[in-house]
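Text of the file input36.cif, holding mmCIF, C-alpha atoms:
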data_data
loop_
_atom_site.label_atom_id
_atom_site.label_comp_id
_atom_site.auth_asym_id
_atom_site.auth_seq_id
_atom_site.Cartn_x
_atom_site.Cartn_y
_atom_site.Cartn_z
CA ASP D 1 9.54 -4.37 18.45
CA GLY D 2 10.24 -7.69 16.78
CA ASP D 3 6.72 -9.07 17.17
CA THR D 4 4.44 -10.67 14.59
CA ILE D 5 0.77 -9.73 14.45
CA ALA D 6 -1.26 -12.59 12.98
CA LEU D 7 -4.70 -11.58 11.67
CA MET D 8 -7.49 -14.11 11.55
CA PRO D 9 -9.60 -14.39 8.37
CA GLY D 10 -12.51 -11.99 8.00
CA THR D 11 -13.39 -8.42 7.14
CA TYR D 12 -12.20 -5.72 9.51
CA GLN D 13 -14.38 -2.66 8.86
CA GLY D 14 -13.18 0.78 9.90
CA GLN D 15 -10.14 -0.63 11.71
CA THR D 16 -7.12 1.63 11.11
CA GLY D 17 -3.70 1.98 12.69
CA VAL D 18 -0.31 3.65 12.90
CA VAL D 19 2.79 1.43 12.99
CA THR D 20 5.83 2.93 14.75
CA GLN D 21 7.73 -0.18 15.87
CA ARG D 22 11.34 -0.69 14.81
CA ARG D 23 10.66 -4.25 13.61
CA LEU D 24 7.19 -5.65 13.04
CA THR D 25 5.50 -8.22 10.81
CA ILE D 26 1.76 -8.15 10.12
CA ARG D 27 0.44 -11.22 8.31
CA ALA D 28 -2.62 -13.37 7.79
CA VAL D 29 -3.05 -16.59 9.75
CA ASP D 30 -5.14 -18.19 7.00
CA GLY D 31 -6.82 -16.83 3.89
CA ARG D 32 -6.57 -13.09 3.25
CA PRO D 33 -8.18 -10.77 5.82
CA VAL D 34 -9.78 -7.63 4.36
CA LEU D 35 -9.10 -4.24 5.94
CA GLU D 36 -12.06 -2.23 4.64
CA ALA D 37 -11.88 1.50 5.38
CA LYS D 38 -15.64 2.16 5.59
CA GLY D 39 -15.02 5.91 5.78
CA ARG D 40 -12.16 5.79 8.31
CA VAL D 41 -8.44 6.39 7.81
CA ALA D 42 -5.69 6.83 10.41
CA GLU D 43 -4.38 10.40 10.73
CA ARG D 44 -6.59 11.36 7.76
CA LYS D 45 -4.12 9.43 5.54
CA ALA D 46 -4.54 5.66 5.26
CA ILE D 47 -5.90 2.42 6.61
CA LEU D 48 -2.35 1.78 7.90
CA VAL D 49 0.27 4.49 8.38
CA VAL D 50 3.78 3.02 8.60
CA ARG D 51 6.41 5.22 10.18
CA GLY D 52 9.98 4.10 10.85
CA GLY D 53 11.63 0.78 11.41
CA ASP D 54 11.63 -2.35 9.29
CA VAL D 55 8.03 -3.45 8.73
CA THR D 56 6.71 -6.40 6.70
CA ILE D 57 3.05 -6.76 5.69
CA GLU D 58 1.94 -10.05 4.13
CA ASN D 59 -1.26 -11.45 2.63
CA LEU D 60 -3.74 -8.70 3.53
CA GLU D 61 -6.33 -6.86 1.44
CA PHE D 62 -6.75 -3.07 1.71
CA ARG D 63 -10.02 -1.74 0.35
CA GLY D 64 -11.96 1.51 0.04
CA ALA D 65 -9.59 4.14 1.50
CA ARG D 66 -10.84 7.72 1.09
CA ALA D 67 -9.51 10.90 2.71
CA ASP D 68 -10.55 14.56 2.78
CA ASP D 69 -7.65 15.48 0.45
CA ALA D 70 -8.48 12.63 -1.99
CA ASN D 71 -5.21 10.83 -1.08
CA GLY D 72 -6.67 8.06 1.07
CA ALA D 73 -4.28 5.11 0.87
CA GLY D 74 -4.37 1.47 1.78
CA ILE D 75 -0.89 2.03 3.22
CA ARG D 76 0.87 5.34 3.76
CA HIS D 77 4.61 4.65 4.10
CA GLU D 78 6.39 7.61 5.62
CA THR D 79 9.82 6.50 6.89
CA GLY D 80 11.91 3.36 7.35
CA LYS D 81 11.79 0.17 5.29
CA LEU D 82 8.47 -1.37 4.27
CA THR D 83 8.13 -4.75 2.58
CA VAL D 84 4.70 -5.68 1.18
CA ARG D 85 4.11 -9.25 -0.03
CA ASN D 86 1.08 -10.95 -1.53
CA CYS D 87 -1.32 -8.12 -0.71
CA LEU D 88 -4.34 -6.72 -2.57
CA PHE D 89 -5.08 -3.00 -2.90
CA LEU D 90 -8.53 -2.44 -4.41
CA ASP D 91 -10.77 0.64 -4.70
CA ASN D 92 -8.40 2.99 -2.82
CA GLU D 93 -7.59 6.57 -3.77
CA ALA D 94 -3.98 5.32 -3.60
CA GLY D 95 -3.01 1.71 -3.01
CA ILE D 96 0.34 2.60 -1.44
CA LEU D 97 1.46 6.21 -1.08
CA THR D 98 4.89 7.09 0.29
CA GLY D 99 6.30 10.25 1.81
CA ASN D 100 9.49 11.95 0.67
CA ASP D 101 12.08 10.64 3.16
CA ALA D 102 15.32 10.16 1.18
CA THR D 103 16.35 7.27 3.47
CA ALA D 104 13.08 5.33 3.14
CA GLU D 105 12.84 2.06 1.22
CA LEU D 106 9.82 0.26 -0.26
CA VAL D 107 9.77 -3.33 -1.54
CA VAL D 108 6.58 -4.70 -3.14
CA GLU D 109 6.38 -8.37 -4.18
CA ASP D 110 3.62 -10.53 -5.67
CA SER D 111 0.85 -8.04 -4.93
CA GLU D 112 -2.17 -6.72 -6.83
CA PHE D 113 -3.33 -3.14 -7.36
CA GLY D 114 -6.56 -2.29 -9.13
CA LEU D 115 -10.05 -0.87 -9.40
CA ALA D 116 -9.22 2.80 -8.82
CA PRO D 117 -12.30 4.81 -7.79
CA ARG D 118 -14.17 6.34 -10.75
CA ILE D 119 -14.28 9.88 -9.40
CA GLU D 120 -14.04 12.64 -12.01
CA GLY D 121 -11.06 14.96 -11.51
CA GLY D 122 -9.32 12.68 -9.01
CA LEU D 123 -5.80 11.43 -9.74
CA HIS D 124 -5.99 8.12 -7.96
CA HIS D 125 -2.61 6.42 -8.37
CA LEU D 126 -2.50 2.70 -7.70
CA LEU D 127 1.08 2.98 -6.40
CA TYR D 128 2.70 6.38 -5.83
CA VAL D 129 6.30 6.44 -4.62
CA GLY D 130 7.59 9.83 -3.54
CA ARG D 131 11.19 10.99 -3.23
CA ILE D 132 12.48 8.03 -1.21
CA GLY D 133 15.85 6.28 -1.46
CA LYS D 134 14.98 2.88 -2.95
CA PHE D 135 11.90 1.30 -4.47
CA SER D 136 11.39 -2.10 -6.07
CA VAL D 137 8.32 -3.92 -7.33
CA ARG D 138 8.25 -7.37 -8.88
CA GLY D 139 5.78 -10.12 -9.62
CA SER D 140 2.81 -7.77 -9.15
CA ARG D 141 -0.29 -6.81 -11.17
CA PHE D 142 -1.62 -3.33 -11.92
CA TYR D 143 -4.95 -2.80 -13.69
CA SER D 144 -8.12 -0.69 -13.89
CA GLY D 145 -6.64 2.67 -13.02
CA TYR D 146 -8.65 5.83 -13.58
CA GLU D 147 -7.09 9.20 -14.52
CA GLY D 148 -4.03 8.58 -12.30
CA HIS D 149 -0.89 6.49 -12.78
CA LEU D 150 -0.76 2.76 -12.32
CA ILE D 151 2.80 3.16 -10.99
CA LYS D 152 4.45 6.50 -10.32
CA SER D 153 7.93 6.70 -8.81
CA ARG D 154 10.17 9.59 -7.85
CA ALA D 155 12.55 7.37 -5.87
CA SER D 156 16.29 7.87 -6.32
CA GLU D 157 16.49 4.20 -7.35
CA SER D 158 13.51 2.37 -8.90
CA ARG D 159 13.50 -1.27 -9.94
CA ILE D 160 10.35 -2.41 -11.73
CA ALA D 161 10.61 -5.98 -13.01
CA TYR D 162 8.41 -8.96 -13.92
CA ASN D 163 5.06 -7.23 -13.41
CA LEU D 164 1.81 -7.16 -15.40
CA ILE D 165 0.89 -3.52 -15.98
CA HIS D 166 -2.38 -3.31 -17.91
CA ASP D 167 -4.17 -0.02 -18.60
CA GLY D 168 -6.72 -1.34 -21.10
#
Rendering of file as structure tokens:
Amino acid sequence: DGDTIALMPGTYQGQTGVVTQRRLTIRAVDGRPVLEAKGRVAERKAILVVRGGDVTIENLEFRGARADDANGAGIRHETGKLTVRNCLFLDNEAGILTGNDATAELVVEDSEFGLAPRIEGGLHHLLYVGRIGKFSVRGSRFYSGYEGHLIKSRASESRIAYNLIHDG
């Protein structure tokens, strides 16, 4: 609890994890490290599963998440508060996918979501927010979705401001 994990530059293939700390920051040391799923997801859900606490993730790239149920996410946020800054979510079945905890909170700033997989019949949302308490996204880019939503929110309170949302 309270630590900072600093990732060195590079591509981390098949490296997944579950975050359960009360307070944790995960950020890049330099550049933007790539967490590439390569067929692996934690708990059959995501490259990173975040559960509980107050977690901040900064300047990482999440790429290629696939799961058996076609809901493979870069990040699966289940409970607690998650802040995501300056991250890239590319070629995932879902960039970020939340659970339905009414007390959960998600803040996304200055991030990029794009290049949804071109799989017929799949609803690959770039950012899917379930029935959580609060959600905000600002300064972010959404593009190249495929059959799913670019942003979908069922949060009690949603604030979507100063983003580029392009479905062309």
Worksheet item: Can you list, as JSON, numbers by chain, the residues that the PyMOL selection byres ((chain D and resi 51-61) around 9) selects here?
Response: {"D": [1, 7, 18, 19, 20, 21, 22, 23, 24, 25, 26, 27, 28, 29, 30, 31, 32, 33, 34, 35, 36, 49, 50, 62, 63, 74, 76, 77, 78, 79, 80, 81, 82, 83, 84, 85, 86, 87, 88, 89, 90, 104, 111]}
Discussion item. Under the PyMOL selection byres ((chain D and resi 46) around 7), which residues of this model are included? Write them out as a ChimeraX atom specification.
Written reply: /D:41-42,44-45,47-49,65,72-76
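Nearest residue to Leu150 of chain D among D:Gly99, D:Gly168, D:Gly64, D:Gly121 is D:Gly168, counting only C-alpha atoms.
In this comparison, which uses all atoms listed in the file, the residue of D:Ala161, D:Arg118, D:His124, D:Ala155 approaching Gly139 of chain D most closely is D:Ala161.
For the pair atom CA of Arg131 of chain D and atom CA of Arg159 of chain D, the separation is 14.2 Å.
Here atom CA of His166 of chain D stands at a distance of 7.9 Å from atom CA of Arg141 of chain D.
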Worksheet item: Expressed in Å to a single decimal, how great is the separation between atom CA of Pro9 of chain D and atom CA of Arg40 of chain D?
Response: 20.3 Å
Practice prompt. Any chance you could resolve the PyMOL selection byres ((chain D and resi 157) around 10) against this file and give the residues as a PyMOL selection string?
Written response: chain D and resi 105+131-136+153-156+158-159
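With distances taken over all atoms listed in the file, D:Gly122 is the one residue among D:Leu164, D:Ala37, D:Ala6, D:Gly122 lying closest to Asp69 of chain D.
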Item to complete: Show me as a PyMOL selection string the residues that reach within 8 Å of (-12.7, -2.2, 10.5), counting only C-alpha atoms and using the file's own coordinates.
Response: chain D and resi 11-16+35-38
